[in-house]
$ cat upload14.txt   # compact mmCIF, C-alpha atoms (C1' of nucleotides)
# COMPACT_ATOMS: atom_id res chain seq x y z
CA MET A 1 -6.63 -23.58 -1.81
CA ALA A 2 -2.93 -24.21 -2.08
CA THR A 3 -1.18 -25.43 1.03
CA ASP A 4 1.93 -23.27 1.18
CA PRO A 5 2.14 -20.83 4.10
CA LEU A 6 1.79 -17.71 2.00
CA SER A 7 -1.32 -18.98 0.23
CA ARG A 8 -2.80 -20.03 3.56
CA ALA A 9 -2.22 -16.57 5.01
CA PHE A 10 -3.67 -14.77 2.01
CA GLY A 11 -6.57 -17.20 1.90
CA ALA A 12 -7.32 -16.72 5.57
CA LEU A 13 -7.44 -12.97 5.06
CA ALA A 14 -9.72 -13.27 2.03
CA ASP A 15 -12.85 -13.50 4.17
CA PRO A 16 -14.54 -10.57 5.93
CA THR A 17 -15.69 -12.73 8.84
CA ARG A 18 -12.14 -13.79 9.54
CA ARG A 19 -10.79 -10.26 9.21
CA THR A 20 -13.47 -9.10 11.65
CA ILE A 21 -12.36 -11.79 14.08
CA LEU A 22 -8.77 -10.64 13.78
CA GLU A 23 -9.75 -7.03 14.39
CA ARG A 24 -11.75 -8.07 17.43
CA LEU A 25 -8.76 -10.03 18.72
CA ALA A 26 -6.61 -6.93 18.40
CA ALA A 27 -8.49 -5.71 21.49
CA GLY A 28 -7.55 -8.85 23.40
CA GLU A 29 -8.24 -12.55 23.54
CA ALA A 30 -11.75 -13.88 22.97
CA GLY A 31 -13.52 -17.21 23.26
CA VAL A 32 -15.62 -18.90 20.61
CA MET A 33 -18.93 -17.99 22.26
CA GLU A 34 -18.03 -14.33 22.47
CA LEU A 35 -16.98 -14.24 18.83
CA ALA A 36 -20.14 -16.06 17.81
CA ALA A 37 -22.29 -13.63 19.78
CA ALA A 38 -20.72 -10.71 17.93
CA SER A 39 -21.52 -12.37 14.61
CA THR A 40 -24.58 -13.56 12.74
CA LEU A 41 -23.00 -16.98 12.39
CA THR A 42 -23.37 -20.03 14.61
CA GLN A 43 -20.71 -21.25 16.99
CA PRO A 44 -19.49 -24.17 14.84
CA ALA A 45 -18.97 -21.78 11.96
CA ILE A 46 -16.76 -19.61 14.16
CA THR A 47 -14.82 -22.67 15.29
CA LYS A 48 -14.14 -23.48 11.63
CA HIS A 49 -12.95 -19.95 10.90
CA LEU A 50 -10.66 -20.09 13.91
CA LYS A 51 -9.12 -23.28 12.54
CA VAL A 52 -8.40 -21.57 9.25
CA LEU A 53 -6.79 -18.66 11.06
CA GLU A 54 -4.79 -21.03 13.23
CA ARG A 55 -3.49 -23.02 10.27
CA ALA A 56 -2.45 -19.73 8.70
CA GLY A 57 -0.43 -18.91 11.82
CA LEU A 58 -2.46 -15.77 12.46
CA ILE A 59 -3.85 -16.82 15.84
CA GLY A 60 -3.11 -19.25 18.64
CA ARG A 61 -5.41 -21.04 21.03
CA GLU A 62 -4.70 -21.74 24.68
CA ARG A 63 -6.67 -23.86 27.07
CA ASN A 64 -7.82 -21.80 30.03
CA GLY A 65 -10.26 -23.83 32.13
CA GLN A 66 -13.21 -24.75 30.00
CA ARG A 67 -12.49 -21.85 27.70
CA ARG A 68 -10.05 -21.98 24.83
CA PRO A 69 -9.62 -18.36 23.88
CA ALA A 70 -7.95 -17.23 20.68
CA ARG A 71 -5.12 -14.75 20.64
CA LEU A 72 -3.42 -12.93 17.81
CA HIS A 73 -0.09 -14.17 16.47
CA LEU A 74 1.65 -11.20 14.96
CA GLU A 75 4.27 -13.31 13.24
CA GLY A 76 1.64 -14.87 10.97
CA LEU A 77 1.59 -11.65 9.00
CA LEU A 78 5.30 -11.79 8.26
CA PRO A 79 5.15 -13.84 5.03
CA VAL A 80 2.39 -11.62 3.73
CA ASP A 81 4.32 -8.53 4.68
CA ASP A 82 7.49 -9.82 3.04
CA TRP A 83 5.73 -10.73 -0.19
CA LEU A 84 3.96 -7.43 -0.34
CA ARG A 85 7.11 -5.45 0.36
CA GLN A 86 9.04 -7.25 -2.35
CA ALA A 87 6.18 -6.99 -4.83
CA ARG A 88 5.82 -3.28 -4.22
CA ALA A 89 9.55 -2.79 -4.72
CA GLU A 90 9.64 -4.77 -7.97
CA TRP A 91 6.46 -3.26 -9.34
CA SER A 92 7.56 0.25 -8.57
CA ALA A 93 10.86 -0.36 -10.29
CA ARG A 94 9.02 -1.68 -13.32
CA PHE A 95 6.68 1.28 -13.39
CA GLU A 96 9.53 3.72 -13.13
CA ARG A 97 11.38 2.01 -15.98
CA LEU A 98 8.21 2.16 -18.01
CA GLU A 99 7.80 5.85 -17.37
CA VAL A 100 11.37 6.56 -18.39
CA HIS A 101 10.88 4.45 -21.50
CA LEU A 102 7.71 6.29 -22.47
CA ALA A 103 9.32 9.65 -21.84
CA ALA A 104 12.22 8.68 -24.11
CA GLN A 105 9.76 7.52 -26.78
CA SER A 106 7.77 10.73 -26.81
CA GLU A 107 11.00 12.72 -26.96
CA SER A 108 12.18 10.80 -30.03
CA ALA A 109 8.71 11.17 -31.57
CA ILE A 110 8.94 14.92 -31.12
CA THR A 111 12.45 14.83 -32.58
CA GLU A 112 11.17 13.02 -35.68
CA GLU A 113 8.37 15.54 -36.05
CA ASN A 114 10.80 18.42 -35.76
CA PRO A 115 14.14 17.25 -37.22
CA ASP A 116 15.58 20.71 -36.71
CA ALA A 117 15.04 20.64 -32.94
CA MET B 1 -15.43 -15.90 -1.83
CA ALA B 2 -16.81 -12.61 -0.60
CA THR B 3 -17.25 -9.92 -3.19
CA ASP B 4 -15.80 -6.85 -1.49
CA PRO B 5 -12.61 -5.44 -3.04
CA LEU B 6 -10.36 -6.34 -0.16
CA SER B 7 -11.50 -9.96 -0.12
CA ARG B 8 -11.10 -10.15 -3.89
CA ALA B 9 -7.55 -8.86 -3.66
CA PHE B 10 -6.58 -11.23 -0.86
CA GLY B 11 -8.32 -14.08 -2.62
CA ALA B 12 -6.53 -13.38 -5.86
CA LEU B 13 -3.19 -13.47 -4.08
CA ALA B 14 -4.02 -16.75 -2.30
CA ASP B 15 -2.92 -18.84 -5.25
CA PRO B 16 0.68 -19.56 -6.26
CA THR B 17 -0.18 -19.69 -9.96
CA ARG B 18 -1.60 -16.19 -9.79
CA ARG B 19 1.31 -14.86 -7.76
CA THR B 20 3.69 -16.35 -10.33
CA ILE B 21 1.76 -14.60 -13.08
CA LEU B 22 2.06 -11.30 -11.22
CA GLU B 23 5.78 -11.78 -10.74
CA ARG B 24 6.17 -12.55 -14.42
CA LEU B 25 4.21 -9.42 -15.29
CA ALA B 26 6.56 -7.36 -13.15
CA ALA B 27 9.05 -7.86 -15.99
CA GLY B 28 6.59 -6.48 -18.52
CA GLU B 29 3.32 -7.27 -20.24
CA ALA B 30 2.60 -10.81 -21.42
CA GLY B 31 -0.03 -12.55 -23.49
CA VAL B 32 -2.00 -15.63 -22.50
CA MET B 33 -0.01 -17.99 -24.67
CA GLU B 34 3.25 -16.85 -23.17
CA LEU B 35 1.96 -17.24 -19.64
CA ALA B 36 0.56 -20.67 -20.44
CA ALA B 37 3.88 -21.77 -21.92
CA ALA B 38 5.63 -20.83 -18.69
CA SER B 39 3.15 -22.94 -16.71
CA THR B 40 2.03 -26.54 -16.53
CA LEU B 41 -1.57 -25.45 -16.99
CA THR B 42 -3.52 -25.15 -20.19
CA GLN B 43 -4.22 -21.82 -21.79
CA PRO B 44 -7.93 -21.59 -20.80
CA ALA B 45 -6.91 -22.09 -17.18
CA ILE B 46 -4.59 -19.10 -17.49
CA THR B 47 -7.43 -17.04 -18.94
CA LYS B 48 -9.50 -17.85 -15.86
CA HIS B 49 -6.70 -16.84 -13.52
CA LEU B 50 -6.29 -13.60 -15.45
CA LYS B 51 -9.96 -12.86 -14.93
CA VAL B 52 -9.60 -13.32 -11.20
CA LEU B 53 -6.63 -10.98 -11.18
CA GLU B 54 -8.51 -8.46 -13.29
CA ARG B 55 -11.58 -8.49 -11.03
CA ALA B 56 -9.23 -7.91 -8.10
CA GLY B 57 -7.85 -4.83 -9.85
CA LEU B 58 -4.35 -6.27 -9.92
CA ILE B 59 -3.96 -6.36 -13.70
CA GLY B 60 -5.45 -4.76 -16.76
CA ARG B 61 -5.88 -6.10 -20.27
CA GLU B 62 -5.47 -4.13 -23.45
CA ARG B 63 -6.30 -5.18 -26.95
CA ASN B 64 -3.22 -5.00 -29.12
CA GLY B 65 -4.01 -6.50 -32.51
CA GLN B 66 -4.93 -10.14 -32.02
CA ARG B 67 -3.08 -10.20 -28.73
CA ARG B 68 -4.60 -9.09 -25.46
CA PRO B 69 -1.64 -8.77 -23.13
CA ALA B 70 -1.98 -8.38 -19.40
CA ARG B 71 -0.25 -5.62 -17.52
CA LEU B 72 0.18 -4.98 -13.82
CA HIS B 73 -2.02 -2.47 -12.05
CA LEU B 74 -0.10 -1.24 -9.07
CA GLU B 75 -3.14 0.42 -7.51
CA GLY B 76 -4.79 -2.97 -6.96
CA LEU B 77 -2.44 -3.54 -4.07
CA LEU B 78 -3.53 -0.39 -2.27
CA PRO B 79 -6.46 -1.86 -0.27
CA VAL B 80 -4.28 -4.77 0.80
CA ASP B 81 -1.49 -2.44 1.74
CA ASP B 82 -3.82 -0.20 3.71
CA TRP B 83 -5.39 -3.07 5.60
CA LEU B 84 -2.03 -4.58 6.40
CA ARG B 85 -0.58 -1.27 7.54
CA GLN B 86 -3.51 -0.60 9.85
CA ALA B 87 -3.53 -4.16 11.18
CA ARG B 88 0.17 -4.04 11.93
CA ALA B 89 -0.26 -0.72 13.72
CA GLU B 90 -3.16 -1.96 15.85
CA TRP B 91 -1.60 -5.33 16.57
CA SER B 92 1.70 -3.80 17.52
CA ALA B 93 -0.07 -1.39 19.86
CA ARG B 94 -1.88 -4.29 21.43
CA PHE B 95 1.29 -6.29 21.81
CA GLU B 96 3.11 -3.38 23.34
CA ARG B 97 0.27 -2.82 25.82
CA LEU B 98 0.43 -6.51 26.64
CA GLU B 99 4.14 -6.38 27.21
CA VAL B 100 3.79 -3.35 29.46
CA HIS B 101 0.99 -5.11 31.31
CA LEU B 102 3.04 -8.24 31.80
CA ALA B 103 6.04 -6.24 32.90
CA ALA B 104 3.89 -4.41 35.46
CA GLN B 105 2.50 -7.73 36.66
CA SER B 106 5.87 -9.30 37.20
CA GLU B 107 7.05 -6.17 39.00
CA SER B 108 4.10 -6.30 41.40
CA ALA B 109 4.68 -10.02 41.83
CA ILE B 110 8.26 -9.32 42.79
CA THR B 111 7.03 -6.55 45.07
CA GLU B 112 4.68 -8.97 46.80
CA GLU B 113 7.46 -11.49 47.15
CA ASN B 114 9.75 -8.81 48.60
CA PRO B 115 7.55 -6.29 50.41
CA ASP B 116 10.64 -4.44 51.60
CA ALA B 117 11.79 -3.64 48.04
C1' DC C 1 -13.15 -13.87 -47.93
C1' DT C 2 -10.57 -17.54 -46.19
C1' DT C 3 -6.83 -18.93 -43.43
C1' DG C 4 -4.31 -19.03 -39.28
C1' DA C 5 -2.88 -17.21 -34.70
C1' DC C 6 -4.51 -15.72 -30.35
C1' DT C 7 -7.94 -15.71 -27.11
C1' DT C 8 -12.42 -16.47 -24.92
C1' DT C 9 -16.43 -19.16 -23.96
C1' DT C 10 -19.02 -23.32 -23.11
C1' DA C 11 -19.90 -27.64 -21.00
C1' DC C 12 -18.54 -30.64 -17.85
C1' DC C 13 -16.22 -32.67 -13.74
C1' DA C 14 -13.97 -33.02 -9.14
C1' DT C 15 -12.82 -30.81 -5.13
C1' DC C 16 -13.10 -27.19 -1.72
C1' DT C 17 -15.65 -23.76 1.01
C1' DA C 18 -18.95 -21.89 4.14
C1' DG C 19 -22.74 -22.58 6.26
C1' DT C 20 -26.32 -25.35 8.84
C1' DT C 21 -28.26 -28.72 12.68
C1' DA C 22 -27.41 -32.26 15.75
C1' DT C 23 -24.37 -34.59 18.72
C1' DA C 24 -20.18 -35.34 21.44
C1' DT C 25 -16.44 -34.04 24.43
C1' DA C 26 -14.33 -31.35 28.22
C1' DA C 27 -14.21 -28.74 32.29
C1' DC C 28 -16.32 -26.72 36.08
C1' DC C 29 -19.80 -26.72 39.99
C1' DT C 30 -23.00 -28.41 43.09
C1' DA D 1 -23.33 -38.48 39.70
C1' DG D 2 -25.83 -34.76 37.44
C1' DG D 3 -26.22 -30.15 35.41
C1' DT D 4 -24.35 -26.25 32.99
C1' DT D 5 -21.15 -23.90 30.06
C1' DA D 6 -17.69 -23.88 26.40
C1' DT D 7 -16.00 -25.96 22.54
C1' DA D 8 -15.37 -29.48 18.99
C1' DT D 9 -16.91 -32.93 15.68
C1' DA D 10 -20.09 -35.23 12.33
C1' DA D 11 -23.03 -35.25 8.62
C1' DC D 12 -25.09 -32.78 5.30
C1' DT D 13 -26.22 -29.03 1.63
C1' DA D 14 -25.44 -25.28 -1.66
C1' DG D 15 -22.46 -22.81 -4.13
C1' DA D 16 -17.70 -21.50 -5.54
C1' DT D 17 -13.24 -22.85 -7.48
C1' DG D 18 -9.91 -24.96 -10.53
C1' DG D 19 -9.15 -27.82 -13.93
C1' DT D 20 -9.99 -30.04 -18.78
C1' DA D 21 -11.35 -30.55 -23.86
C1' DA D 22 -13.69 -28.76 -27.51
C1' DA D 23 -16.21 -25.04 -29.92
C1' DA D 24 -16.54 -20.27 -31.06
C1' DG D 25 -15.10 -15.51 -31.47
C1' DT D 26 -11.64 -11.82 -33.08
C1' DC D 27 -8.38 -9.91 -35.78
C1' DA D 28 -4.29 -9.47 -39.20
C1' DA D 29 -2.85 -10.92 -43.50
C1' DG D 30 -2.68 -13.26 -47.99

$ encode --input "upload14.txt" --output "structure tokens"
Amino acid sequence: MATDPLSRAFGALADPTRRTILERLAAGEAGVMELAAASTLTQPAITKHLKVLERAGLIGRERNGQRRPARLHLEGLLPVDDWLRQARAEWSARFERLEVHLAAQSESAITEENPDA
Amino acid sequence: MATDPLSRAFGALADPTRRTILERLAAGEAGVMELAAASTLTQPAITKHLKVLERAGLIGRERNGQRRPARLHLEGLLPVDDWLRQARAEWSARFERLEVHLAAQSESAITEENPDA
DNA sequence: CTTGACTTTTACCATCTAGTTATATAACCT
DNA sequence: AGGTTATATAACTAGATGGTAAAAGTCAAG
């Protein structure tokens, strides 16, 4: 996987286990054991997923006694959101231009078929 | 990588080469040779990236003579967009609840400090 | 039907990913 | 200190990914 922030964020989201963790964290912080219990995976596997999410800026960890619960970081979604917004804008523009172009083409085709129109 | 559509879409976007291809395609269709020329990679590598994008529903290929240009498929972004919209909504709700909670806590703390308030 | 342009497929390699079990560290509690 | 809980690290495996070079397929045109 590439190492730029946007690729890290997209890559972190490209795994159902990690998305499930994020959705669980939307209800509040959770420790590794709790997340592992809600999953079919083992605890070290969850720890690894949390590291991926942390490197992507999507969660943070805080030490709280012997626990080290994970918490959502809303700002991690910002690069993804920005890219998606811009892409949607550009793509929509392109698609609209294409539609106009096609409409003009079919009009001229009709004109050639019926020169008296 | 997981094989569900959402993971495929996120996974496809988690690579700068593929995002660059998508941005190039926003300006119009392009063949493999053209995309390879605009990249440092070889042409077979581009073909592989195009397959990933196609499986993610982000592009389509059409046969046009001996060319087989790729074209954007706007609808491939829909699952990503939906997930992101819902996540943002839930996360924001959570963060707002948290802020309200913290505000209430500091108020009661102040109240305890100043019982006459 | 042969040639040439565009593209895909194959075979191979190196690296990354996602999981496991086993072990180590850290913090809390007698 | 010793025991328990929570978490992290180490070492390993299997499979996926991303790249290459070289061979093969597809189609338009002479």

$ residues_around --input "upload14.txt" --residues "DT25 of chain C" --least-positions-apart "3" --cutoff "10 Å" --atoms "all atoms listed in the file" --output "PyMOL selection string"
chain D and resi 7-9

$ atom_distance --input "upload14.txt" --atom1 "atom CA of Asn64 of chain A" --atom2 "atom CA of Val32 of chain A"
12.6 Å

$ residues_near_point --input "upload14.txt" --point "(-2.2, -23.9, 0.7)" --cutoff "12 Å" --atoms "only C-alpha atoms (C1' of nucleotides)" --output "list in words"
Met1, Ala2, Thr3, Asp4, Pro5, Leu6, Ser7, Arg8, Ala9, Phe10, Gly11, Ala12, Val52, Arg55 and Ala56 of chain A; Leu13, Ala14, Asp15, Pro16 and Thr17 of chain B; DC16 of chain C

$ closest_atom_pairs --input "upload14.txt" --of "chain A" --to "chain D" --cutoff "9 Å" --atoms "all atoms listed in the file" --output "Markdown table"
| residue | atom | partner | partner_atom | distance |
| --- | --- | --- | --- | --- |
| A:Met1 | CA | D:DT17 | C1' | 8.7 |
| A:Gly31 | CA | D:DA6 | C1' | 8.5 |
| A:Val32 | CA | D:DT7 | C1' | 7.3 |
| A:Met33 | CA | D:DA6 | C1' | 7.3 |
| A:Gln43 | CA | D:DT7 | C1' | 8.7 |
| A:Pro44 | CA | D:DA8 | C1' | 7.9 |
| A:Thr47 | CA | D:DA8 | C1' | 7.8 |
| A:Gln66 | CA | D:DA6 | C1' | 5.8 |
| A:Arg67 | CA | D:DA6 | C1' | 5.7 |
| A:Arg68 | CA | D:DT7 | C1' | 7.5 |

$ closest_atom_pairs --input "upload14.txt" --of "segment 45-104 of chain A" --to "segment 69-90 of chain B" --cutoff "9 Å" --atoms "all atoms listed in the file" --output "JSON lines"
{"residue": "A:Leu74", "atom": "CA", "partner": "B:Arg88", "partner_atom": "CA", "distance": 7.9}
{"residue": "A:Leu77", "atom": "CA", "partner": "B:Arg88", "partner_atom": "CA", "distance": 8.3}
{"residue": "A:Val80", "atom": "CA", "partner": "B:Leu84", "partner_atom": "CA", "distance": 8.7}
{"residue": "A:Asp81", "atom": "CA", "partner": "B:Leu84", "partner_atom": "CA", "distance": 7.7}
{"residue": "A:Leu84", "atom": "CA", "partner": "B:Asp81", "partner_atom": "CA", "distance": 7.7}
{"residue": "A:Arg88", "atom": "CA", "partner": "B:Leu74", "partner_atom": "CA", "distance": 7.9}
{"residue": "A:Trp91", "atom": "CA", "partner": "B:Leu74", "partner_atom": "CA", "distance": 6.9}
{"residue": "A:Ser92", "atom": "CA", "partner": "B:Leu74", "partner_atom": "CA", "distance": 7.8}
{"residue": "A:Phe95", "atom": "CA", "partner": "B:Leu74", "partner_atom": "CA", "distance": 8.4}

$ closest_atom_pairs --input "upload14.txt" --of "chain C" --to "chain A" --cutoff "7 Å" --atoms "only C-alpha atoms (C1' of nucleotides)" --output "Markdown table"
| residue | atom | partner | partner_atom | distance |
| --- | --- | --- | --- | --- |
| C:DG19 | C1' | A:Ala45 | CA | 6.9 |
| C:DA26 | C1' | A:Gln66 | CA | 6.9 |
| C:DA27 | C1' | A:Gln66 | CA | 4.7 |

$ closest_residue --input "upload14.txt" --among "B:Ala27, B:Val100, B:Ile46, B:Leu53" --to "chain A" --atoms "all atoms listed in the file"
B:Ala27

$ atom_distance --input "upload14.txt" --atom1 "atom C1' of DA22 of chain C" --atom2 "atom CA of Arg18 of chain A"
24.8 Å

$ atom_distance --input "upload14.txt" --atom1 "atom C1' of DT20 of chain C" --atom2 "atom CA of Ile21 of chain A"
20.2 Å

$ closest_residue --input "upload14.txt" --among "B:Glu62, B:Ala38, B:Thr20, B:Gly57" --to "chain A" --atoms "only C-alpha atoms"
B:Thr20

$ closest_residue --input "upload14.txt" --among "A:Ala37, A:Ala26, A:Arg19, A:Gly60" --to "chain B" --atoms "only C-alpha atoms"
A:Ala26

$ closest_residue --input "upload14.txt" --among "B:Leu35, B:Leu58, B:Thr40, B:Arg63" --to "chain A" --atoms "all atoms listed in the file"
B:Leu58
